[in-house]
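> Attaching a single structure in structure tokens format; questions to follow.
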Amino acid sequence: MTSPEPDPSKHGLRRWLAWIFLPLLVGIGLAALVPRPIVGLIYLQEAIHAFSSRDMIAQIHFARDHPEVRAVVLILDSPGGTVVDTEAVYLELAGLRERKPVVTMAQGLAASGAYYLSVGTDYIFAGPSSLVGNVGVISQLPTAPSVFEDLASTGPYKLFGSARDTRLREMEAIKQAFYSAVQLGRGEALAIGPERILRGEIWLGSEAARFGLVDELGSISAAIEKAAELSHVANYRVADLRELAGLPSVLSVPFFFETPEGALTPYPRASGFFLLYVPPGERSLP
Amino acid sequence: MIRNRVWIGLALIFLPVVGRTLWYHRGFYRPPAPIQLPAYSEFSPPQPPVGEAAIELPEATPAPEGPLAGPPKVVLFDRSHSNRFSMPELRSLTAALGSQGGRIEVLDSSFAFDELGLEGRLKYASSYVVVAPSVVFSPSEVTAVARFVEHGGRLLVVLDPTRTGSGFDIFGFLILSASEDVSTANQLLESFDLAFSDDYLYNLMDNEGNFRNVLLRNFGEHPLTAGLHTVALYAARSVQTEAGTLLLSGDSATLSSLTDTGGGLAAAALDPGSQALALGDLTFMTPPYDKVADNARLIQNLAEFLLDGERRPDLHNLPFVFSGPVSVVQSADFALQAETLVALQGMSTALLPTGVSLSFPEEVPAEGDLLVLGLFEPDPELGELIEPLGLVLPAGASDGRMAAPGFGSFNPAGIGFVGLARSEARTTLVLLASDQAGLVSLLETVGQGLLSDCLLSDTSALCQVGEGAGLGSSEPLEFDLSFEETFNQ
């Protein structure tokens with residue numbers, strides 16, 4: 001009895017299968033390592049202050065440092081906030097844009113400092129009735145310098161920061177920078193000049209589109225698609241960068257002044273320079 | 001053969017990777033280059049412009065140099081209408097007024113205890129300054145101001161859009177009454193073809209550090225704008241006039257907050273008679289803004305305007321009709337007595353605010369103002385002084401009655417006559433009565449300026465100073481002219 005001869009055709013088939021399926025399996029395995037692109041969402045649904053800007057910057061850094069985040073959509077519903085925090089986020093967005101596109105969706109309110117952020121992005125969407133604009137600066141002027149018997153200081157402005165007139169002129173310098181950001185960000189799309197923009201008006205999204213303050217009327221979906229288009233990705237997934245970055249949920253931060261009765265006013269608690277929209281009907285300072 | 005298999009194997013390894021990559025990525029993101037950012041270091045706070053015709057305002061009120069030709073001109077500042085300013089804020093203006101020989105008087109909110117009040121003080125003031133009033137003027141005050149301007153007084157009404165809003169009433173309750181300054185000021189200015197708008201001027205393109213701080217470079221022809229090139233106003237209301245002069249106007253980019261339109265809007269205007277000035281900003285007079293651009297020059301010009309007026313007082317201004325020291329001249333048949341001295345003392349005290357003093361020379365001086373006291377008797381010494389009044393004394397009339405221009409003839413009993421004659425050299429006030437008691441009574445009336453019970457024209461008045469013959473006798477007090485005719489003259 002002799003053992004049967006191996007079928008050369010079967011042996012060849014196995015070898016061929018080994019040469020095909022093994023590399024293919026390896027390839028599939030390697031392909032699984034190619035991440036699915038992410039369009040990250042950054043929400044700003046409150047004023048821009050030290051805490052909200054810190055959160056935003058953390059999300060911007062996450063997007064910058066994670067290659068799978070291919071584009072970012074900034075979803076705004078904010079009256080603006082402090083000058084320093086707005087400028088900080090604006091500069092971080094500029095850094096991010098060198099690597100990834102950023103698209104803004106002015107969801108409800110993109111006023112003052114919030115609009116400042118939007119002009120630092122690649123494309124701006126607004127809802128037809130979103131409120132957009134309010135370019136300008138506000139500040140409560142310090143009181144005239146005086147001396148106190150029981151509160152000593154080492155200089156006339158130590159307790160007041162600056163003279164009233166100086167504060168007023170500093171506001172003008174901040175305003176110039178704001179307008180410059182609008183000019184640079186919007187470029188030739190801007191259909192109105194400084195004599196109109198610097199009036200500080202707030203416009204409906206539809207008007208803002210006509211004036212070139214935003215690029216297009218649309219929705220969050222449109223903004224996401226635009227971000228994907230600019231970053232040349234398809235079959236992407238959308239994710240909230242706050243969650244991806246592992247940030248805690250938004251805490252209520254006491255930015256606005258609260259009356260003794262517990263009512264929240266649209267005025268900031270602290271003094272300083274603000275790129276902030278104060279809605280009408282609330283003109284009496286607390 | 002093996003090489004081919006290796007290639008196929010490698011291809012099979014990369015195929016899923018490439019496929020998945022192409023499934024997700026359709027190209028490469030190219031950032032806009034370069035990403036432009038504002039040149040933050042180049043944006044610096046704008047600095048105020050320096051005046052081309054800078055002048056130094058006096059720091060404090062200096063004593064005027066040299067002897068004064070007459071009593072100082074009084075500039076009356078109103079603080080009796082809950083005005084939203086303090087006098088130290090106007091230091092630049094008051095110092096400029098002082099350096100030019102003007103005297104500052106303030107009618108403050110306690111004027112209820114001021115015997116003269118606004119109407120009394122306007123009788124001797126050369127100019128009247130109202131700043132940011134918030135309490136309405138009474139009809140009699142409006143009339144008095146109109147009359148004051150009509151007779152050569154200068155009126156300056158200053159508003160400021162930053163000096164309005166809520167305030168507290170005397171009970172401490174909050175009053176939310178915005179912009180009442182405009183209606184209050186326009187109440188005064190209505191008769192002078194001047195009106196403020198309830199707005200503020202702004203310029204977004206060319207301003208002094210803030211949109212509401214406007215630079216004005218268009219000036220109307222008037223000494224008030226002499227030497228001005230640029231004036232900086234710090235929130236200013238606009239002013240309108242039909243026939244008057246727009247003094248400080250903005251360019252086409254200077255807009256009104258009321259309409260957001262502009263072109264020729266003015267922040268200061270003068271009435272057609274160049275006696276009343278409406279000015280839309282107060283802040284430019286306060287430090288440090290008083291030294292910006294040509295503001296100091298404008299303040300200097302304002303002081304000159306307030307002191308340049310020539311008052312033309314008439315009997316409504318009694319007893320403040322004199323412009324210098326007064327010599328009291330008495331008729332020969334009138335001897336000074338105790339009551340007369342008291343009345344004259346009262347007159348002298350009343351004239352104190354104007355710096356006018358009384359003297360009693362033995363002879364009629366060749367120049368200087370005169371107060372003539374006499375009876376309705378011919379007096380050769382006084383004849384020359386009384387003659388310009390056109391009086392017919394009882395002795396010169398066949399029926400013993402007296403006649404005065406504007407009043408016709410009348411029974412002189414119980415009546416005192418007040419006449420005002422003005423020439424280039426002097427002002428002469430003549431007080432005549434039928435007896436000494438009447439004359440003393442008339443002197444008291446005139447000294448207190450209480451002519452409301454007198455029949456009054458611009459240059460003469462008849463006052464009751466005693467029992468008239470007509471009251472207790474069969475002969476009634478008669479006038480040739482009707483009451484209406486007398487007043488219409």
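Scheme for the structure tokens: letters A, B, ... for chains in order shown; per-chain residue numbers from 1; ligand numbers from 1 in order shown.
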Could you make a table, as CSV, of the residues of chain B that have an atom within 9 Å of an atom of chain A, each with its nearest atom pair and distance in Å to one decimal, counting only C-alpha atoms, in chain and number order?

residue,atom,partner,partner_atom,distance
B:Arg5,CA,A:Trp19,CA,6.7
B:Val6,CA,A:Trp19,CA,7.9
B:Ile8,CA,A:Ile20,CA,7.4
B:Gly9,CA,A:Pro23,CA,5.2
B:Leu10,CA,A:Pro23,CA,6.7
B:Ala11,CA,A:Pro23,CA,8.0
B:Leu12,CA,A:Leu24,CA,4.9
B:Ile13,CA,A:Gly27,CA,3.6
B:Phe14,CA,A:Gly27,CA,5.4
B:Leu15,CA,A:Gly27,CA,6.6
B:Pro16,CA,A:Ile28,CA,5.3
B:Val17,CA,A:Ala31,CA,3.9
B:Val18,CA,A:Ala31,CA,7.5
B:Gly19,CA,A:Ala31,CA,8.0
B:Arg20,CA,A:Ala31,CA,6.2
B:Thr21,CA,A:Val34,CA,6.7
B:Leu22,CA,A:Ala234,CA,8.8
B:Trp23,CA,A:Ala234,CA,6.8
B:Tyr24,CA,A:Ala234,CA,4.8
B:His25,CA,A:Val233,CA,4.5
B:Arg26,CA,A:His232,CA,5.1
B:Gly27,CA,A:His232,CA,5.0
B:Phe28,CA,A:His232,CA,6.1
B:Tyr29,CA,A:Ser231,CA,4.8
B:Arg30,CA,A:Arg99,CA,7.9
B:Pro31,CA,A:Glu98,CA,5.3
B:Pro32,CA,A:Glu98,CA,7.5
B:Ala33,CA,A:Glu98,CA,8.1
B:Pro34,CA,A:Glu98,CA,8.6
B:Ile35,CA,A:Ala94,CA,6.9
B:Gln36,CA,A:Leu184,CA,6.4
B:Leu37,CA,A:Ala181,CA,6.5
B:Pro38,CA,A:Ala181,CA,5.4
B:Ala39,CA,A:Ala177,CA,7.4
B:Tyr40,CA,A:Ala177,CA,6.2
B:Glu42,CA,A:Ala177,CA,8.8
B:Phe43,CA,A:Ala173,CA,5.2
B:Ser44,CA,A:Ala173,CA,5.2
B:Pro45,CA,A:Arg169,CA,4.8
B:Pro46,CA,A:Arg169,CA,5.9
B:Gln47,CA,A:Arg169,CA,7.6
B:Asn203,CA,A:Glu195,CA,8.5
B:Leu204,CA,A:Glu195,CA,5.9
B:Met205,CA,A:Glu195,CA,6.6
B:Glu208,CA,A:Arg169,CA,8.7
B:Gly209,CA,A:Arg169,CA,5.2
B:Asn210,CA,A:Glu172,CA,6.4
B:Phe211,CA,A:Glu172,CA,8.8
B:Ala253,CA,A:Glu195,CA,8.5
B:Pro288,CA,A:Asp165,CA,9.0
> Apply DSSP to the backbone of this structure and, from range 4-160 of chain B, keep only the residues in alpha helix (DSSP H); write these as a ChimeraX atom specification.
/B:4-24,91-99,117-121,139-150
> Can you spit out the residues from that selection as a short mmCIF file (atom, residue, chain, number, x, y, z; two decimals), in the first residue's frame, using N, CA and C atoms?

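Below is the file that was written, again.cif:
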data_model
loop_
_atom_site.label_atom_id
_atom_site.label_comp_id
_atom_site.auth_asym_id
_atom_site.auth_seq_id
_atom_site.Cartn_x
_atom_site.Cartn_y
_atom_site.Cartn_z
N ASN B 4 6.75 37.87 -8.57
CA ASN B 4 5.38 38.29 -8.88
C ASN B 4 4.46 38.10 -7.69
N ARG B 5 4.66 36.98 -7.04
CA ARG B 5 3.81 36.71 -5.87
C ARG B 5 4.04 37.75 -4.77
N VAL B 6 5.30 38.16 -4.62
CA VAL B 6 5.60 39.18 -3.59
C VAL B 6 4.89 40.49 -3.93
N TRP B 7 4.98 40.83 -5.20
CA TRP B 7 4.30 42.07 -5.61
C TRP B 7 2.80 41.98 -5.38
N ILE B 8 2.26 40.87 -5.73
CA ILE B 8 0.81 40.70 -5.54
C ILE B 8 0.47 40.75 -4.05
N GLY B 9 1.30 40.10 -3.27
CA GLY B 9 1.07 40.11 -1.81
C GLY B 9 1.12 41.52 -1.27
N LEU B 10 2.16 42.25 -1.70
CA LEU B 10 2.28 43.64 -1.22
C LEU B 10 1.08 44.48 -1.68
N ALA B 11 0.69 44.24 -2.91
CA ALA B 11 -0.46 44.99 -3.44
C ALA B 11 -1.70 44.68 -2.62
N LEU B 12 -1.82 43.40 -2.27
CA LEU B 12 -2.99 43.01 -1.50
C LEU B 12 -2.94 43.58 -0.08
N ILE B 13 -1.75 43.76 0.41
CA ILE B 13 -1.65 44.40 1.74
C ILE B 13 -2.08 45.87 1.67
N PHE B 14 -1.62 46.55 0.63
CA PHE B 14 -1.90 47.99 0.58
C PHE B 14 -3.28 48.33 0.02
N LEU B 15 -3.84 47.37 -0.71
CA LEU B 15 -5.14 47.66 -1.34
C LEU B 15 -6.21 48.11 -0.33
N PRO B 16 -6.42 47.40 0.75
CA PRO B 16 -7.43 47.86 1.72
C PRO B 16 -7.06 49.22 2.33
N VAL B 17 -5.77 49.38 2.56
CA VAL B 17 -5.33 50.66 3.17
C VAL B 17 -5.63 51.81 2.21
N VAL B 18 -5.28 51.57 0.95
CA VAL B 18 -5.52 52.64 -0.04
C VAL B 18 -7.01 52.83 -0.24
N GLY B 19 -7.69 51.71 -0.28
CA GLY B 19 -9.13 51.80 -0.49
C GLY B 19 -9.81 52.56 0.63
N ARG B 20 -9.43 52.22 1.84
CA ARG B 20 -10.06 52.92 2.97
C ARG B 20 -9.67 54.39 2.98
N THR B 21 -8.42 54.65 2.66
CA THR B 21 -7.97 56.04 2.63
C THR B 21 -8.75 56.83 1.59
N LEU B 22 -8.89 56.21 0.40
CA LEU B 22 -9.64 56.91 -0.65
C LEU B 22 -11.12 57.03 -0.32
N TRP B 23 -11.58 56.08 0.45
CA TRP B 23 -12.99 56.12 0.89
C TRP B 23 -13.25 57.36 1.75
N TYR B 24 -12.25 57.70 2.53
CA TYR B 24 -12.41 58.83 3.45
C TYR B 24 -11.85 60.15 2.91
N ARG B 91 -14.69 126.28 35.12
CA ARG B 91 -13.57 127.10 35.56
C ARG B 91 -12.90 127.85 34.40
N SER B 92 -12.76 127.19 33.29
CA SER B 92 -12.10 127.84 32.14
C SER B 92 -12.89 129.06 31.67
N LEU B 93 -14.19 128.89 31.59
CA LEU B 93 -15.02 130.00 31.11
C LEU B 93 -15.06 131.12 32.14
N THR B 94 -15.25 130.78 33.40
CA THR B 94 -15.35 131.83 34.42
C THR B 94 -14.01 132.56 34.57
N ALA B 95 -12.91 131.82 34.41
CA ALA B 95 -11.60 132.48 34.48
C ALA B 95 -11.43 133.44 33.31
N ALA B 96 -11.89 133.01 32.13
CA ALA B 96 -11.79 133.90 30.96
C ALA B 96 -12.67 135.13 31.15
N LEU B 97 -13.83 134.92 31.75
CA LEU B 97 -14.72 136.06 32.01
C LEU B 97 -14.07 137.02 33.01
N GLY B 98 -13.48 136.43 34.06
CA GLY B 98 -12.84 137.26 35.08
C GLY B 98 -11.68 138.05 34.52
N SER B 99 -10.92 137.43 33.64
CA SER B 99 -9.76 138.13 33.07
C SER B 99 -10.17 139.28 32.19
N GLY B 117 -34.45 136.94 42.79
CA GLY B 117 -34.81 135.85 41.89
C GLY B 117 -34.27 136.09 40.49
N LEU B 118 -34.68 135.23 39.57
CA LEU B 118 -34.17 135.34 38.19
C LEU B 118 -34.57 136.68 37.57
N GLU B 119 -35.85 136.99 37.67
CA GLU B 119 -36.31 138.20 37.01
C GLU B 119 -35.64 139.44 37.57
N GLY B 120 -35.41 139.45 38.89
CA GLY B 120 -34.74 140.60 39.51
C GLY B 120 -33.28 140.71 39.07
N ARG B 121 -32.61 139.58 39.00
CA ARG B 121 -31.19 139.62 38.65
C ARG B 121 -30.97 139.93 37.17
N PRO B 139 -43.67 130.78 32.92
CA PRO B 139 -43.96 131.74 31.84
C PRO B 139 -43.37 133.12 32.12
N SER B 140 -43.41 133.54 33.37
CA SER B 140 -42.86 134.87 33.67
C SER B 140 -41.35 134.89 33.50
N GLU B 141 -40.71 133.77 33.80
CA GLU B 141 -39.26 133.70 33.59
C GLU B 141 -38.92 133.74 32.10
N VAL B 142 -39.72 133.03 31.32
CA VAL B 142 -39.47 133.02 29.87
C VAL B 142 -39.63 134.44 29.32
N THR B 143 -40.67 135.11 29.78
CA THR B 143 -40.90 136.48 29.34
C THR B 143 -39.76 137.39 29.76
N ALA B 144 -39.31 137.20 31.00
CA ALA B 144 -38.22 138.05 31.49
C ALA B 144 -36.94 137.83 30.69
N VAL B 145 -36.68 136.58 30.34
CA VAL B 145 -35.47 136.28 29.56
C VAL B 145 -35.59 136.88 28.16
N ALA B 146 -36.78 136.74 27.56
CA ALA B 146 -36.99 137.32 26.23
C ALA B 146 -36.80 138.83 26.27
N ARG B 147 -37.33 139.44 27.29
CA ARG B 147 -37.21 140.89 27.43
C ARG B 147 -35.75 141.28 27.66
N PHE B 148 -35.07 140.46 28.46
CA PHE B 148 -33.66 140.69 28.76
C PHE B 148 -32.83 140.71 27.45
N VAL B 149 -33.08 139.74 26.61
CA VAL B 149 -32.32 139.66 25.34
C VAL B 149 -32.72 140.81 24.42
N GLU B 150 -34.00 141.11 24.42
CA GLU B 150 -34.51 142.20 23.58
C GLU B 150 -33.83 143.52 23.92
#
> Could you give me, as a list in words, the residues within 6 Å of range 205-213 of chain A, counting only C-alpha atoms and dropping anything in the same chain fewer than 4 positions from it?
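Counting only C-alpha atoms, the residues come to Ala126, Gly127, Pro128, Ser129, Ser130, Leu131, Ala189, Leu190, Ala191 and Ile192 of chain A.
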> Write the selection just made, keeping C-alpha atoms, as an mmCIF file, in the first residue's frame?

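Okay, this is what ended up in selection.cif:
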data_model
loop_
_atom_site.group_PDB
_atom_site.id
_atom_site.type_symbol
_atom_site.label_atom_id
_atom_site.label_comp_id
_atom_site.auth_asym_id
_atom_site.auth_seq_id
_atom_site.Cartn_x
_atom_site.Cartn_y
_atom_site.Cartn_z
ATOM 1 C CA ALA A 126 -25.968 81.962 9.567
ATOM 2 C CA GLY A 127 -29.589 81.135 10.099
ATOM 3 C CA PRO A 128 -31.982 83.489 8.291
ATOM 4 C CA SER A 129 -33.024 85.048 11.582
ATOM 5 C CA SER A 130 -29.807 84.635 13.497
ATOM 6 C CA LEU A 131 -28.457 87.870 14.948
ATOM 7 C CA ALA A 189 -16.924 89.712 0.405
ATOM 8 C CA LEU A 190 -17.665 92.689 2.618
ATOM 9 C CA ALA A 191 -20.263 94.821 0.869
ATOM 10 C CA ILE A 192 -20.462 97.637 3.432
#
> How many Å lie between CA of His61 in chain A and CA of Glu92 in chain A, rounded to one decimal?
8.1 Å
> How many Å lie between CA of Val214 in chain A and CA of Ala227 in chain A, rounded to one decimal?
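Separation of CA of Val214 in chain A and CA of Ala227 in chain A: 15.1 Å.
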> Compile the contact shell of Val328 in chain B as a list of chain:residue names: residues with an atom at most 10 Å away, counting only C-alpha atoms, same-chain residues fewer than 3 positions apart removed.
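Result of the neighbour search: B:Pro325, B:Leu344, B:Leu358, B:Ser359, B:Phe360, B:Pro361, B:Glu362, B:Glu363, B:Val364, B:Pro365, B:Asp369, B:Leu370, B:Leu371, B:Val372, B:Leu373, B:Thr428, B:Leu429, B:Val430.
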> Mind writing the picked residues with N, CA and C atoms as a compact mmCIF listing (two decimals), in the first residue's frame?

# COMPACT_ATOMS: atom_id res chain seq x y z
N PRO B 325 -21.31 155.43 38.56
CA PRO B 325 -21.65 156.16 39.79
C PRO B 325 -22.76 157.17 39.54
N LEU B 344 -33.25 156.63 50.35
CA LEU B 344 -32.03 156.67 49.53
C LEU B 344 -31.06 155.55 49.93
N LEU B 358 -24.04 155.88 45.19
CA LEU B 358 -24.71 157.18 45.14
C LEU B 358 -23.82 158.24 45.75
N SER B 359 -23.82 159.42 45.17
CA SER B 359 -23.10 160.55 45.76
C SER B 359 -24.01 161.77 45.72
N PHE B 360 -23.69 162.75 46.53
CA PHE B 360 -24.56 163.92 46.66
C PHE B 360 -23.74 165.19 46.40
N PRO B 361 -23.42 165.49 45.17
CA PRO B 361 -22.62 166.69 44.87
C PRO B 361 -23.44 167.97 45.08
N GLU B 362 -22.72 169.04 45.31
CA GLU B 362 -23.43 170.31 45.53
C GLU B 362 -23.94 170.88 44.21
N GLU B 363 -23.21 170.59 43.16
CA GLU B 363 -23.65 171.08 41.85
C GLU B 363 -23.84 169.88 40.91
N VAL B 364 -24.62 170.11 39.90
CA VAL B 364 -24.86 169.05 38.93
C VAL B 364 -23.56 168.78 38.18
N PRO B 365 -23.04 167.59 38.29
CA PRO B 365 -21.78 167.30 37.59
C PRO B 365 -21.97 167.30 36.07
N ASP B 369 -23.98 159.56 35.64
CA ASP B 369 -25.42 159.34 35.74
C ASP B 369 -26.03 160.17 36.86
N LEU B 370 -27.30 160.47 36.69
CA LEU B 370 -27.98 161.34 37.67
C LEU B 370 -29.27 160.68 38.17
N LEU B 371 -29.53 160.94 39.45
CA LEU B 371 -30.85 160.62 40.01
C LEU B 371 -31.43 161.95 40.46
N VAL B 372 -32.46 162.38 39.79
CA VAL B 372 -33.05 163.70 40.05
C VAL B 372 -34.30 163.53 40.89
N LEU B 373 -34.32 164.21 42.02
CA LEU B 373 -35.47 164.15 42.92
C LEU B 373 -36.10 165.54 42.98
N THR B 428 -30.21 159.58 33.05
CA THR B 428 -30.83 160.41 34.08
C THR B 428 -32.17 159.80 34.46
N LEU B 429 -32.30 159.53 35.75
CA LEU B 429 -33.57 159.02 36.27
C LEU B 429 -34.22 160.13 37.08
N VAL B 430 -35.41 160.51 36.69
CA VAL B 430 -36.10 161.62 37.34
C VAL B 430 -37.29 161.08 38.13
> Pick out the residues sitting within 9 Å of range 140-155 of chain A, and hand them over as a PyMOL selection string; count only C-alpha atoms, and ignore anything fewer than 3 positions along from it in its own chain.
chain A and resi 158-165+167-168+271-273
> Which of these, B:Leu455, B:Cys463, B:Val292, B:Leu306, has the shortest distance to Val50 in chain B once you count only C-alpha atoms?
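Of B:Leu455, B:Cys463, B:Val292, B:Leu306, the one nearest Val50 in chain B is B:Val292, counting only C-alpha atoms.
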> Using only C-alpha atoms, find the one residue out of B:Gly419, B:Gly101, B:Gly262, B:Gly280 that sits nearest to Ile386 in chain B.
B:Gly419
> With distances taken over only C-alpha atoms, which residue among B:Leu248, B:Val136, B:Leu201, B:Leu315 lies nearest Ala236 in chain B?
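Of B:Leu248, B:Val136, B:Leu201, B:Leu315, the one nearest Ala236 in chain B, counting only C-alpha atoms, is B:Leu201.
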> Considering only C-alpha atoms, state which residue in the set B:Gln100, B:Asn295, B:Ser274, B:Gln448 is at the smallest distance from His316 in chain B.
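Looking at the shortest contact to His316 in chain B, the residue is B:Gln448.
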> Between CA of Thr82 in chain A and CA of Pro266 in chain A, what is the distance in Å, rounded to a tenth?
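Taking CA of Thr82 in chain A and CA of Pro266 in chain A, their separation equals 13.1 Å.
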